[in-house]
Amino acid sequence: MITAELVKQLREKTGAGMMDCKKVLTETNGDEEKAIELLRERGIAKAAKKSDRIAAEGLVTTYVTTDQKVGAVVEVNAETDFVAKNEEFRNFVADIAKQVADKNPATVEELLAQTSMVETDKTIQDVLTNKIATIGENMSIRRFERFESNGLVESYIHGDGKIGVLVEIENGNTELAKDVCMQIAAARPEYLDRESVPADRVAHEMEILKAQAVNEGKPEAVAEKIVQGRINKFYGEICLVEQDFVKDPDQTVGKLVESKGAKIVRFARFEKGEGLQKREENFAEEVAKQING
């Protein structure tokens, strides 16, 4: 009898998919060591050996339903930029974006546990593990955002998957939403508006601005007024609606959207690998690892 616990243990040790683990355990009458050997012979267990490699390259992509009511942006990482050009990998990332839009997982962990919409006999984790084995690099589904709207959802991809943007707009049209997406990609806003900026972030910035003014020799009272002026520039850099519109710097994004009778509800901007440690190639170290198994 092959129990779920046996399958789970083998899966944790090898990184192989659940169905693959169950199959080899059945073939070996539950002998774990022989099952591991079978997985290695079939090239499936090698995925686990790649799990400690840094995956900071990869691809960002988006998916929006035809009625523009639901959209998703996802980042899936791999070890090298070369894999991001691999058609099998690109198709996998596109499938993940659609899975997120259609199945609405709350977390990456929940997504990994879902049954794949493409390979219905496997979970997303199983599919991912198999891709690692067949493509030959460590990969991970890092993050996603999903928007569902009564207005419309639009997306934009820049640099062949380097940057992905998702935006939700009320009372606007596709053309306006596309312009806003391109603004977000180019100008890197951190927040929608000044009300969205955490109070401690503002307080910290004001401390810095005041110190700058004092160091410039300004009296305390004058420094306070200077800070109030300069904090507006700070908001203009990090808040989407206060940024100068890239296509027409004479107006802000907020004024543009307002003139169209529309409203930006929220946005997400993913840049591939941001905040991740990049893999550093060390040929000698790589060879040593292979020699030592």
# chains A, B, ... in the order shown; residues from 1 in each chain; ligands from 1
>>> closest_atom_pairs(of="range 5-36 of chain A", to="range 109-123 of chain A", cutoff="9 Å", atoms="only C-alpha atoms", output="JSON lines")
{"residue": "A:Gly17", "atom": "CA", "partner": "A:Lys122", "partner_atom": "CA", "distance": 7.8}
{"residue": "A:Met18", "atom": "CA", "partner": "A:Lys122", "partner_atom": "CA", "distance": 7.6}
{"residue": "A:Met19", "atom": "CA", "partner": "A:Lys122", "partner_atom": "CA", "distance": 7.1}
>>> residues_around(residues="Ser259 in chain A", least_positions_apart="6", cutoff="12 Å", atoms="only C-alpha atoms", output="list in words")
Asn171, Gly172, Leu176, Gln251, Thr252 and Val253 of chain A
>>> write_last_selection(atoms="N, CA and C atoms", output="mmCIF file, in the first residue's frame")
data_model
loop_
_atom_site.group_PDB
_atom_site.id
_atom_site.type_symbol
_atom_site.label_atom_id
_atom_site.label_comp_id
_atom_site.auth_asym_id
_atom_site.auth_seq_id
_atom_site.Cartn_x
_atom_site.Cartn_y
_atom_site.Cartn_z
ATOM 1 N N ASN A 171 -14.282 54.243 -15.207
ATOM 2 C CA ASN A 171 -14.817 55.259 -16.129
ATOM 3 C C ASN A 171 -13.806 55.723 -17.172
ATOM 4 N N GLY A 172 -12.834 54.879 -17.470
ATOM 5 C CA GLY A 172 -11.850 55.220 -18.493
ATOM 6 C C GLY A 172 -11.949 54.276 -19.671
ATOM 7 N N LEU A 176 -6.603 55.326 -22.575
ATOM 8 C CA LEU A 176 -6.143 56.006 -21.362
ATOM 9 C C LEU A 176 -5.410 55.021 -20.458
ATOM 10 N N GLN A 251 1.165 68.603 -17.662
ATOM 11 C CA GLN A 251 0.077 68.183 -16.769
ATOM 12 C C GLN A 251 0.474 66.923 -16.021
ATOM 13 N N THR A 252 -0.106 66.755 -14.849
ATOM 14 C CA THR A 252 0.172 65.551 -14.067
ATOM 15 C C THR A 252 -0.719 64.413 -14.555
ATOM 16 N N VAL A 253 -0.359 63.212 -14.148
ATOM 17 C CA VAL A 253 -1.178 62.043 -14.487
ATOM 18 C C VAL A 253 -2.574 62.199 -13.890
#
>>> residues_around(residues="Leu10 in chain A", least_positions_apart="3", cutoff="8 Å", atoms="only C-alpha atoms", output="PyMOL selection string")
chain A and resi 6-7+13-16+21+32+36
>>> residues_around(residues="Lys98 in chain A", least_positions_apart="2", cutoff="12 Å", atoms="only C-alpha atoms", output="PDB file with N, CA and C atoms, in the first residue's frame")
ATOM      1  N   THR A  61       5.188  38.516 -16.934  1.00  0.00           N
ATOM      2  CA  THR A  61       4.163  38.572 -17.984  1.00  0.00           C
ATOM      3  C   THR A  61       2.808  38.883 -17.373  1.00  0.00           C
ATOM      4  N   THR A  62       1.861  39.211 -18.232  1.00  0.00           N
ATOM      5  CA  THR A  62       0.512  39.563 -17.785  1.00  0.00           C
ATOM      6  C   THR A  62      -0.536  38.796 -18.579  1.00  0.00           C
ATOM      7  N   TYR A  63      -1.722  38.739 -18.014  1.00  0.00           N
ATOM      8  CA  TYR A  63      -2.878  38.164 -18.715  1.00  0.00           C
ATOM      9  C   TYR A  63      -4.099  38.973 -18.333  1.00  0.00           C
ATOM     10  N   VAL A  64      -4.878  39.373 -19.337  1.00  0.00           N
ATOM     11  CA  VAL A  64      -6.127  40.106 -19.097  1.00  0.00           C
ATOM     12  C   VAL A  64      -7.232  39.424 -19.890  1.00  0.00           C
ATOM     13  N   THR A  65      -8.369  39.194 -19.254  1.00  0.00           N
ATOM     14  CA  THR A  65      -9.491  38.559 -19.937  1.00  0.00           C
ATOM     15  C   THR A  65     -10.006  39.465 -21.054  1.00  0.00           C
ATOM     16  N   THR A  66     -10.693  38.883 -22.021  1.00  0.00           N
ATOM     17  CA  THR A  66     -11.141  39.649 -23.193  1.00  0.00           C
ATOM     18  C   THR A  66     -12.109  40.768 -22.828  1.00  0.00           C
ATOM     19  N   VAL A  70     -10.805  41.144 -15.510  1.00  0.00           N
ATOM     20  CA  VAL A  70      -9.860  40.449 -14.633  1.00  0.00           C
ATOM     21  C   VAL A  70      -8.485  40.432 -15.300  1.00  0.00           C
ATOM     22  N   GLY A  71      -7.459  40.678 -14.495  1.00  0.00           N
ATOM     23  CA  GLY A  71      -6.103  40.638 -15.028  1.00  0.00           C
ATOM     24  C   GLY A  71      -5.125  40.147 -13.981  1.00  0.00           C
ATOM     25  N   ALA A  72      -3.976  39.674 -14.451  1.00  0.00           N
ATOM     26  CA  ALA A  72      -2.930  39.198 -13.540  1.00  0.00           C
ATOM     27  C   ALA A  72      -1.564  39.548 -14.097  1.00  0.00           C
ATOM     28  N   VAL A  73      -0.637  39.809 -13.195  1.00  0.00           N
ATOM     29  CA  VAL A  73       0.771  39.985 -13.552  1.00  0.00           C
ATOM     30  C   VAL A  73       1.568  39.035 -12.673  1.00  0.00           C
ATOM     31  N   VAL A  74       2.517  38.306 -13.277  1.00  0.00           N
ATOM     32  CA  VAL A  74       3.298  37.326 -12.529  1.00  0.00           C
ATOM     33  C   VAL A  74       4.780  37.479 -12.845  1.00  0.00           C
ATOM     34  N   ASN A  91       5.895  29.752 -22.360  1.00  0.00           N
ATOM     35  CA  ASN A  91       4.537  29.206 -22.352  1.00  0.00           C
ATOM     36  C   ASN A  91       4.091  28.867 -20.931  1.00  0.00           C
ATOM     37  N   PHE A  92       5.022  28.349 -20.138  1.00  0.00           N
ATOM     38  CA  PHE A  92       4.720  28.021 -18.742  1.00  0.00           C
ATOM     39  C   PHE A  92       4.341  29.279 -17.963  1.00  0.00           C
ATOM     40  N   VAL A  93       5.103  30.355 -18.139  1.00  0.00           N
ATOM     41  CA  VAL A  93       4.812  31.612 -17.436  1.00  0.00           C
ATOM     42  C   VAL A  93       3.453  32.168 -17.876  1.00  0.00           C
ATOM     43  N   ALA A  94       3.168  32.087 -19.168  1.00  0.00           N
ATOM     44  CA  ALA A  94       1.867  32.544 -19.669  1.00  0.00           C
ATOM     45  C   ALA A  94       0.733  31.721 -19.054  1.00  0.00           C
ATOM     46  N   ASP A  95       0.947  30.423 -18.923  1.00  0.00           N
ATOM     47  CA  ASP A  95      -0.061  29.546 -18.304  1.00  0.00           C
ATOM     48  C   ASP A  95      -0.293  29.924 -16.835  1.00  0.00           C
ATOM     49  N   ILE A  96       0.795  30.293 -16.140  1.00  0.00           N
ATOM     50  CA  ILE A  96       0.680  30.681 -14.732  1.00  0.00           C
ATOM     51  C   ILE A  96      -0.142  31.963 -14.603  1.00  0.00           C
ATOM     52  N   VAL A 100      -3.636  32.241 -12.487  1.00  0.00           N
ATOM     53  CA  VAL A 100      -3.881  33.218 -11.422  1.00  0.00           C
ATOM     54  C   VAL A 100      -5.162  33.994 -11.693  1.00  0.00           C
ATOM     55  N   ALA A 101      -5.340  34.433 -12.942  1.00  0.00           N
ATOM     56  CA  ALA A 101      -6.542  35.204 -13.295  1.00  0.00           C
ATOM     57  C   ALA A 101      -7.808  34.375 -13.126  1.00  0.00           C
ATOM     58  N   ASP A 102      -7.767  33.131 -13.558  1.00  0.00           N
ATOM     59  CA  ASP A 102      -8.972  32.290 -13.562  1.00  0.00           C
ATOM     60  C   ASP A 102      -9.271  31.651 -12.205  1.00  0.00           C
ATOM     61  N   LYS A 103      -8.233  31.258 -11.467  1.00  0.00           N
ATOM     62  CA  LYS A 103      -8.430  30.473 -10.248  1.00  0.00           C
ATOM     63  C   LYS A 103      -8.264  31.276  -8.961  1.00  0.00           C
ATOM     64  N   ASN A 104      -7.762  32.489  -9.055  1.00  0.00           N
ATOM     65  CA  ASN A 104      -7.716  33.431  -7.936  1.00  0.00           C
ATOM     66  C   ASN A 104      -7.075  32.872  -6.663  1.00  0.00           C
ATOM     67  N   PRO A 105      -5.832  32.373  -6.737  1.00  0.00           N
ATOM     68  CA  PRO A 105      -5.170  31.932  -5.512  1.00  0.00           C
ATOM     69  C   PRO A 105      -4.823  33.132  -4.633  1.00  0.00           C
ATOM     70  N   LEU A 111      -1.302  28.808  -4.906  1.00  0.00           N
ATOM     71  CA  LEU A 111      -1.184  28.602  -6.352  1.00  0.00           C
ATOM     72  C   LEU A 111      -0.469  27.291  -6.649  1.00  0.00           C
ATOM     73  N   SER A 116      -3.260  22.155 -12.087  1.00  0.00           N
ATOM     74  CA  SER A 116      -2.946  22.922 -13.291  1.00  0.00           C
ATOM     75  C   SER A 116      -4.101  22.886 -14.285  1.00  0.00           C
ATOM     76  N   MET A 117      -4.416  24.040 -14.865  1.00  0.00           N
ATOM     77  CA  MET A 117      -5.464  24.107 -15.883  1.00  0.00           C
ATOM     78  C   MET A 117      -4.997  23.493 -17.200  1.00  0.00           C
ATOM     79  N   VAL A 118      -3.677  23.378 -17.374  1.00  0.00           N
ATOM     80  CA  VAL A 118      -3.115  22.853 -18.619  1.00  0.00           C
ATOM     81  C   VAL A 118      -2.822  21.364 -18.507  1.00  0.00           C
ATOM     82  N   PHE A 144       2.778  37.382  -7.617  1.00  0.00           N
ATOM     83  CA  PHE A 144       1.741  37.757  -8.579  1.00  0.00           C
ATOM     84  C   PHE A 144       0.793  38.763  -7.950  1.00  0.00           C
ATOM     85  N   GLU A 145       0.092  39.472  -8.814  1.00  0.00           N
ATOM     86  CA  GLU A 145      -1.024  40.331  -8.406  1.00  0.00           C
ATOM     87  C   GLU A 145      -2.188  40.031  -9.324  1.00  0.00           C
ATOM     88  N   ARG A 146      -3.383  40.087  -8.768  1.00  0.00           N
ATOM     89  CA  ARG A 146      -4.598  39.844  -9.556  1.00  0.00           C
ATOM     90  C   ARG A 146      -5.592  40.950  -9.275  1.00  0.00           C
TER      91      ARG A 146
END
>>> atom_distance(atom1="CA of Leu192 in chain A", atom2="CA of Leu209 in chain A")
22.2 Å
>>> residues_around(residues="Ser155 in chain A", least_positions_apart="4", cutoff="7 Å", atoms="only C-alpha atoms", output="list in words")
Thr62, Val165, Leu166, Val167 and Cys181 of chain A
>>> write_last_selection(atoms="N, CA and C atoms", output="compact mmCIF listing (two decimals), in the first residue's frame")
# COMPACT_ATOMS: atom_id res chain seq x y z
N THR A 62 1.86 39.21 -18.23
CA THR A 62 0.51 39.56 -17.78
C THR A 62 -0.54 38.80 -18.58
N VAL A 165 3.24 45.65 -16.05
CA VAL A 165 2.38 46.59 -15.34
C VAL A 165 0.92 46.15 -15.47
N LEU A 166 0.19 46.29 -14.37
CA LEU A 166 -1.24 46.02 -14.34
C LEU A 166 -1.91 47.22 -13.71
N VAL A 167 -2.99 47.72 -14.32
CA VAL A 167 -3.68 48.88 -13.77
C VAL A 167 -5.18 48.68 -13.84
N CYS A 181 -0.43 52.79 -18.00
CA CYS A 181 0.48 51.64 -17.86
C CYS A 181 1.90 52.01 -18.28
>>> select_by_dssp(residues="range 125-196 of chain A", states="strand (DSSP E)", output="PyMOL selection string")
chain A and resi 139-148+152-158+163-170
>>> closest_residue(among="A:Val265, A:Ile157, A:Met206, A:Ala221", to="Asp193 in chain A", atoms="only C-alpha atoms")
A:Val265
>>> atom_distance(atom1="CA of Pro198 in chain A", atom2="CA of Phe234 in chain A")
13.2 Å
>>> residues_around(residues="Ile184 in chain A", least_positions_apart="5", cutoff="10 Å", atoms="only C-alpha atoms", output="PyMOL selection string")
chain A and resi 156+163-167+178-179+189-190+240+243+245-246+267-269
>>> closest_residue(among="A:Ile132, A:Ile141, A:Leu276, A:Val222", to="Thr107 in chain A", atoms="only C-alpha atoms")
A:Ile141
>>> residues_around(residues="Lys85 in chain A", least_positions_apart="2", cutoff="10 Å", atoms="only C-alpha atoms", output="PyMOL selection string")
chain A and resi 58-59+80-83+87-90+160-161
>>> atom_distance(atom1="CA of Glu207 in chain A", atom2="CA of Val227 in chain A")
8.7 Å
